[in-house]
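Peer 1: Hey, dropping input19.cif in here, mmCIF, N, CA and C atoms:
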data_entry
#
loop_
_atom_site.label_atom_id
_atom_site.label_comp_id
_atom_site.auth_asym_id
_atom_site.auth_seq_id
_atom_site.Cartn_x
_atom_site.Cartn_y
_atom_site.Cartn_z
N MET X 1 -53.64 -4.65 0.81
CA MET X 1 -52.71 -4.67 -0.31
C MET X 1 -51.45 -5.40 0.16
N SER X 2 -51.05 -6.38 -0.58
CA SER X 2 -49.89 -7.18 -0.19
C SER X 2 -48.64 -6.71 -0.93
N LEU X 3 -47.49 -7.16 -0.45
CA LEU X 3 -46.22 -6.84 -1.09
C LEU X 3 -46.17 -7.41 -2.50
N ALA X 4 -46.76 -8.58 -2.69
CA ALA X 4 -46.78 -9.21 -4.01
C ALA X 4 -47.57 -8.37 -5.01
N SER X 5 -48.66 -7.75 -4.57
CA SER X 5 -49.45 -6.94 -5.50
C SER X 5 -48.73 -5.65 -5.87
N LEU X 6 -47.87 -5.16 -4.98
CA LEU X 6 -47.10 -3.96 -5.28
C LEU X 6 -45.98 -4.25 -6.28
N CYS X 7 -45.39 -5.41 -6.20
CA CYS X 7 -44.21 -5.74 -6.99
C CYS X 7 -44.52 -6.61 -8.19
N GLY X 8 -45.70 -7.07 -8.34
CA GLY X 8 -46.05 -7.99 -9.42
C GLY X 8 -46.48 -9.30 -8.81
N ASP X 9 -46.80 -10.25 -9.65
CA ASP X 9 -47.34 -11.50 -9.16
C ASP X 9 -46.31 -12.61 -9.02
N THR X 10 -45.08 -12.40 -9.48
CA THR X 10 -44.13 -13.50 -9.44
C THR X 10 -43.41 -13.56 -8.10
N ARG X 11 -43.02 -14.74 -7.76
CA ARG X 11 -42.30 -14.97 -6.50
C ARG X 11 -40.95 -14.27 -6.52
N GLU X 12 -40.30 -14.27 -7.68
CA GLU X 12 -38.98 -13.64 -7.80
C GLU X 12 -39.07 -12.13 -7.54
N GLN X 13 -40.09 -11.48 -8.06
CA GLN X 13 -40.25 -10.06 -7.83
C GLN X 13 -40.53 -9.76 -6.37
N THR X 14 -41.31 -10.63 -5.73
CA THR X 14 -41.58 -10.46 -4.31
C THR X 14 -40.31 -10.61 -3.49
N MET X 15 -39.49 -11.58 -3.82
CA MET X 15 -38.23 -11.78 -3.09
C MET X 15 -37.28 -10.61 -3.30
N LYS X 16 -37.27 -10.04 -4.51
CA LYS X 16 -36.43 -8.87 -4.77
C LYS X 16 -36.88 -7.70 -3.92
N ALA X 17 -38.18 -7.49 -3.84
CA ALA X 17 -38.71 -6.39 -3.04
C ALA X 17 -38.36 -6.57 -1.57
N ILE X 18 -38.49 -7.77 -1.07
CA ILE X 18 -38.14 -8.05 0.33
C ILE X 18 -36.65 -7.82 0.55
N SER X 19 -35.83 -8.24 -0.39
CA SER X 19 -34.38 -8.05 -0.28
C SER X 19 -34.01 -6.57 -0.25
N ILE X 20 -34.67 -5.79 -1.09
CA ILE X 20 -34.40 -4.35 -1.14
C ILE X 20 -34.79 -3.69 0.18
N LEU X 21 -35.96 -4.05 0.69
CA LEU X 21 -36.40 -3.49 1.97
C LEU X 21 -35.48 -3.90 3.11
N ALA X 22 -35.05 -5.14 3.12
CA ALA X 22 -34.14 -5.61 4.17
C ALA X 22 -32.79 -4.90 4.06
N ALA X 23 -32.29 -4.74 2.85
CA ALA X 23 -31.01 -4.05 2.66
C ALA X 23 -31.10 -2.60 3.10
N ALA X 24 -32.20 -1.95 2.77
CA ALA X 24 -32.38 -0.55 3.18
C ALA X 24 -32.41 -0.44 4.71
N GLY X 25 -33.09 -1.37 5.34
CA GLY X 25 -33.11 -1.39 6.81
C GLY X 25 -31.73 -1.63 7.41
N MET X 26 -30.99 -2.54 6.81
CA MET X 26 -29.64 -2.83 7.29
C MET X 26 -28.72 -1.62 7.11
N LEU X 27 -28.85 -0.94 5.99
CA LEU X 27 -28.01 0.25 5.75
C LEU X 27 -28.31 1.34 6.77
N MET X 28 -29.57 1.49 7.13
CA MET X 28 -29.91 2.47 8.14
C MET X 28 -29.28 2.09 9.48
N PHE X 29 -29.30 0.81 9.80
CA PHE X 29 -28.72 0.33 11.06
C PHE X 29 -27.21 0.46 11.02
N VAL X 30 -26.59 0.02 9.95
CA VAL X 30 -25.14 0.03 9.84
C VAL X 30 -24.63 1.45 9.80
N GLY X 31 -25.36 2.34 9.18
CA GLY X 31 -24.92 3.73 9.08
C GLY X 31 -24.84 4.42 10.43
N ASN X 32 -25.54 3.91 11.44
CA ASN X 32 -25.56 4.55 12.75
C ASN X 32 -24.65 3.88 13.76
N THR X 33 -23.96 2.82 13.40
CA THR X 33 -23.10 2.14 14.35
C THR X 33 -21.68 2.63 14.23
N ALA X 34 -20.85 2.32 15.22
CA ALA X 34 -19.45 2.71 15.19
C ALA X 34 -18.73 1.96 14.07
N ALA X 35 -17.67 2.56 13.58
CA ALA X 35 -16.94 1.97 12.45
C ALA X 35 -15.91 0.97 12.96
N GLU X 36 -16.36 -0.01 13.72
CA GLU X 36 -15.45 -1.01 14.27
C GLU X 36 -14.89 -1.92 13.19
N ALA X 37 -15.67 -2.19 12.18
CA ALA X 37 -15.22 -3.08 11.12
C ALA X 37 -14.57 -2.30 9.98
N LYS X 38 -14.38 -1.02 10.17
CA LYS X 38 -13.69 -0.17 9.19
C LYS X 38 -14.27 -0.30 7.79
N GLY X 39 -15.57 -0.17 7.64
CA GLY X 39 -16.21 -0.16 6.34
C GLY X 39 -16.64 -1.52 5.82
N CYS X 40 -16.23 -2.58 6.47
CA CYS X 40 -16.52 -3.92 5.96
C CYS X 40 -18.02 -4.23 5.99
N ILE X 41 -18.68 -3.92 7.07
CA ILE X 41 -20.09 -4.29 7.21
C ILE X 41 -20.95 -3.57 6.17
N LYS X 42 -20.77 -2.27 6.07
CA LYS X 42 -21.56 -1.50 5.11
C LYS X 42 -21.26 -1.96 3.68
N GLY X 43 -19.99 -2.19 3.37
CA GLY X 43 -19.62 -2.67 2.05
C GLY X 43 -20.19 -4.04 1.76
N ALA X 44 -20.21 -4.89 2.77
CA ALA X 44 -20.75 -6.25 2.58
C ALA X 44 -22.24 -6.21 2.30
N VAL X 45 -22.96 -5.34 2.98
CA VAL X 45 -24.41 -5.23 2.75
C VAL X 45 -24.68 -4.74 1.33
N VAL X 46 -23.99 -3.68 0.94
CA VAL X 46 -24.19 -3.13 -0.41
C VAL X 46 -23.76 -4.15 -1.46
N GLY X 47 -22.61 -4.78 -1.26
CA GLY X 47 -22.12 -5.78 -2.20
C GLY X 47 -23.02 -7.00 -2.28
N GLY X 48 -23.56 -7.41 -1.15
CA GLY X 48 -24.47 -8.55 -1.12
C GLY X 48 -25.74 -8.29 -1.90
N VAL X 49 -26.29 -7.10 -1.75
CA VAL X 49 -27.50 -6.75 -2.51
C VAL X 49 -27.18 -6.68 -4.00
N ALA X 50 -26.07 -6.03 -4.33
CA ALA X 50 -25.68 -5.94 -5.75
C ALA X 50 -25.42 -7.34 -6.32
N GLY X 51 -24.73 -8.18 -5.56
CA GLY X 51 -24.45 -9.53 -6.03
C GLY X 51 -25.71 -10.36 -6.20
N HIS X 52 -26.70 -10.13 -5.34
CA HIS X 52 -27.96 -10.87 -5.44
C HIS X 52 -28.65 -10.58 -6.78
N PHE X 53 -28.60 -9.33 -7.19
CA PHE X 53 -29.25 -8.96 -8.44
C PHE X 53 -28.41 -9.30 -9.66
N MET X 54 -27.16 -9.66 -9.47
CA MET X 54 -26.30 -10.07 -10.58
C MET X 54 -26.22 -11.60 -10.58
N HIS X 55 -27.30 -12.22 -10.90
CA HIS X 55 -27.40 -13.68 -11.05
C HIS X 55 -27.13 -14.43 -9.75
N HIS X 56 -27.64 -13.91 -8.64
CA HIS X 56 -27.63 -14.59 -7.35
C HIS X 56 -26.22 -14.90 -6.83
N HIS X 57 -25.32 -13.94 -6.94
CA HIS X 57 -23.96 -14.08 -6.38
C HIS X 57 -23.85 -13.24 -5.11
N THR X 58 -24.75 -13.48 -4.18
CA THR X 58 -24.84 -12.67 -2.97
C THR X 58 -23.56 -12.76 -2.14
N LEU X 59 -23.08 -13.97 -1.88
CA LEU X 59 -21.90 -14.12 -1.02
C LEU X 59 -20.65 -13.53 -1.66
N LEU X 60 -20.50 -13.71 -2.96
CA LEU X 60 -19.36 -13.14 -3.67
C LEU X 60 -19.42 -11.61 -3.61
N GLY X 61 -20.61 -11.05 -3.80
CA GLY X 61 -20.78 -9.61 -3.72
C GLY X 61 -20.50 -9.08 -2.33
N ALA X 62 -20.95 -9.82 -1.31
CA ALA X 62 -20.71 -9.39 0.07
C ALA X 62 -19.22 -9.42 0.40
N ALA X 63 -18.52 -10.44 -0.05
CA ALA X 63 -17.07 -10.53 0.20
C ALA X 63 -16.33 -9.39 -0.49
N ALA X 64 -16.67 -9.14 -1.75
CA ALA X 64 -16.02 -8.05 -2.49
C ALA X 64 -16.36 -6.71 -1.86
N GLY X 65 -17.61 -6.52 -1.46
CA GLY X 65 -18.02 -5.28 -0.82
C GLY X 65 -17.29 -5.04 0.49
N CYS X 66 -17.06 -6.10 1.25
CA CYS X 66 -16.33 -5.99 2.51
C CYS X 66 -14.90 -5.53 2.25
N ILE X 67 -14.26 -6.13 1.28
CA ILE X 67 -12.88 -5.78 0.96
C ILE X 67 -12.79 -4.33 0.48
N ILE X 68 -13.68 -3.94 -0.42
CA ILE X 68 -13.66 -2.58 -0.95
C ILE X 68 -14.01 -1.57 0.14
N GLY X 69 -15.01 -1.88 0.95
CA GLY X 69 -15.40 -0.99 2.04
C GLY X 69 -14.27 -0.79 3.04
N HIS X 70 -13.56 -1.85 3.37
CA HIS X 70 -12.43 -1.75 4.30
C HIS X 70 -11.33 -0.89 3.69
N HIS X 71 -11.05 -1.09 2.41
CA HIS X 71 -10.01 -0.31 1.72
C HIS X 71 -10.37 1.17 1.72
N LEU X 72 -11.62 1.49 1.39
CA LEU X 72 -12.04 2.89 1.34
C LEU X 72 -12.01 3.54 2.72
N ALA X 73 -12.39 2.80 3.75
CA ALA X 73 -12.35 3.33 5.11
C ALA X 73 -10.91 3.61 5.54
N HIS X 74 -10.00 2.71 5.18
CA HIS X 74 -8.59 2.89 5.52
C HIS X 74 -8.02 4.11 4.78
N LYS X 75 -8.39 4.26 3.52
CA LYS X 75 -7.93 5.39 2.72
C LYS X 75 -8.45 6.70 3.32
N LYS X 76 -9.71 6.72 3.72
CA LYS X 76 -10.30 7.92 4.33
C LYS X 76 -9.57 8.28 5.62
N GLU X 77 -9.27 7.27 6.41
CA GLU X 77 -8.56 7.49 7.68
C GLU X 77 -7.17 8.08 7.42
N GLN X 78 -6.47 7.55 6.42
CA GLN X 78 -5.14 8.06 6.09
C GLN X 78 -5.22 9.50 5.59
N ASP X 79 -6.22 9.81 4.77
CA ASP X 79 -6.40 11.17 4.27
C ASP X 79 -6.68 12.14 5.41
N GLN X 80 -7.48 11.71 6.38
CA GLN X 80 -7.78 12.56 7.52
C GLN X 80 -6.53 12.81 8.36
N LYS X 81 -5.71 11.79 8.55
CA LYS X 81 -4.47 11.96 9.30
C LYS X 81 -3.51 12.90 8.58
N ALA X 82 -3.41 12.79 7.26
CA ALA X 82 -2.54 13.66 6.48
C ALA X 82 -3.02 15.11 6.55
N ALA X 83 -4.33 15.33 6.47
CA ALA X 83 -4.88 16.68 6.56
C ALA X 83 -4.64 17.27 7.95
N GLN X 84 -4.77 16.45 8.98
CA GLN X 84 -4.53 16.91 10.34
C GLN X 84 -3.06 17.28 10.53
N LYS X 85 -2.17 16.48 9.98
CA LYS X 85 -0.74 16.74 10.06
C LYS X 85 -0.39 18.04 9.33
N GLN X 86 -1.02 18.25 8.18
CA GLN X 86 -0.77 19.46 7.39
C GLN X 86 -1.27 20.70 8.14
N ARG X 87 -2.45 20.59 8.78
CA ARG X 87 -2.96 21.73 9.56
C ARG X 87 -2.05 22.04 10.73
N ALA X 88 -1.53 21.00 11.37
CA ALA X 88 -0.62 21.20 12.50
C ALA X 88 0.67 21.88 12.04
N ALA X 89 1.16 21.51 10.88
CA ALA X 89 2.39 22.13 10.34
C ALA X 89 2.14 23.58 10.00
N GLN X 90 0.97 23.91 9.46
CA GLN X 90 0.66 25.29 9.10
C GLN X 90 0.50 26.15 10.35
N ASN X 91 -0.06 25.57 11.42
CA ASN X 91 -0.23 26.32 12.66
C ASN X 91 1.08 26.55 13.38
N ALA X 92 2.06 25.71 13.13
CA ALA X 92 3.36 25.83 13.79
C ALA X 92 4.15 27.00 13.23
N HIS X 93 3.85 27.41 11.99
CA HIS X 93 4.60 28.50 11.36
C HIS X 93 3.99 29.79 11.66
#
What would the structure in this file look like if it were written as structure tokens?
Peer 2:
Amino acid sequence: MSLASLCGDTREQTMKAISILAAAGMLMFVGNTAAEAKGCIKGAVVGGVAGHFMHHHTLLGAAAGCIIGHHLAHKKEQDQKAAQKQRAAQNAH
């Protein structure tokens, strides 16, 4: 049984299936690495896949995903620092 028979007979459907499988594999890999890029890599992968399905705007989606992923990672880091500061203040009293 081939990938084409699972997804249909068209080349476009086969390419979509391959893209989905590749993106899923990349997300598994990216999810286990250190956050050196502060959310950019994971956001770029997700954005690239989304952009691909929105009329083949893969690079635009990857760029937007990188920016959004970096922003969300920075926001999470700031929230964690604020919570840590608040816990330290509560323990001081």
Peer 1: Of the residues X:Ala62, X:Ala83, X:Ala88, X:Leu72, which is the one nearest to X:Ala50, using only N, CA and C atoms?
Peer 2: X:Ala62
Peer 1: Tell me, in Å to one decimal, how far atom CA of X:Phe53 is from atom C of X:Gln13.
Peer 2: 11.5 Å
Peer 1: At what distance in Å, to one decimal, does atom CA of X:His56 lie from atom CA of X:Gly39?
Peer 2: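 Spanning atom CA of X:Gly39 to atom CA of X:His56 is a straight-line distance of 22.9 Å.
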Peer 1: Grab the atom CA of X:Lys38 to atom CA of X:Ala17 distance for me, in Å with one decimal place.
Peer 2: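 If I compute the distance from atom CA of X:Lys38 to atom CA of X:Ala17, I get 28.5 Å.
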Peer 1: So which residues are close to (-26.7, -10.8, -3.1), meaning at most 5 Å away in the file's coordinates with all atoms listed in the file counted, and can you show them as a VMD selection string?
Peer 2: chain X and resid 48 to 53 57 to 59
Peer 1: Restricting the calculation to only N, CA and C atoms, which member of X:Met54, X:Ala89, X:Cys40, X:Val45 is positioned closest to X:His71?
Peer 2: X:Cys40
Peer 1: Taking (-13.8, -0.8, 0.9) in the file's coordinates, which residues come within 12 Å, counting only C-alpha atoms, written as a PyMOL selection string?
Peer 2: chain X and resi 37-47+62-77
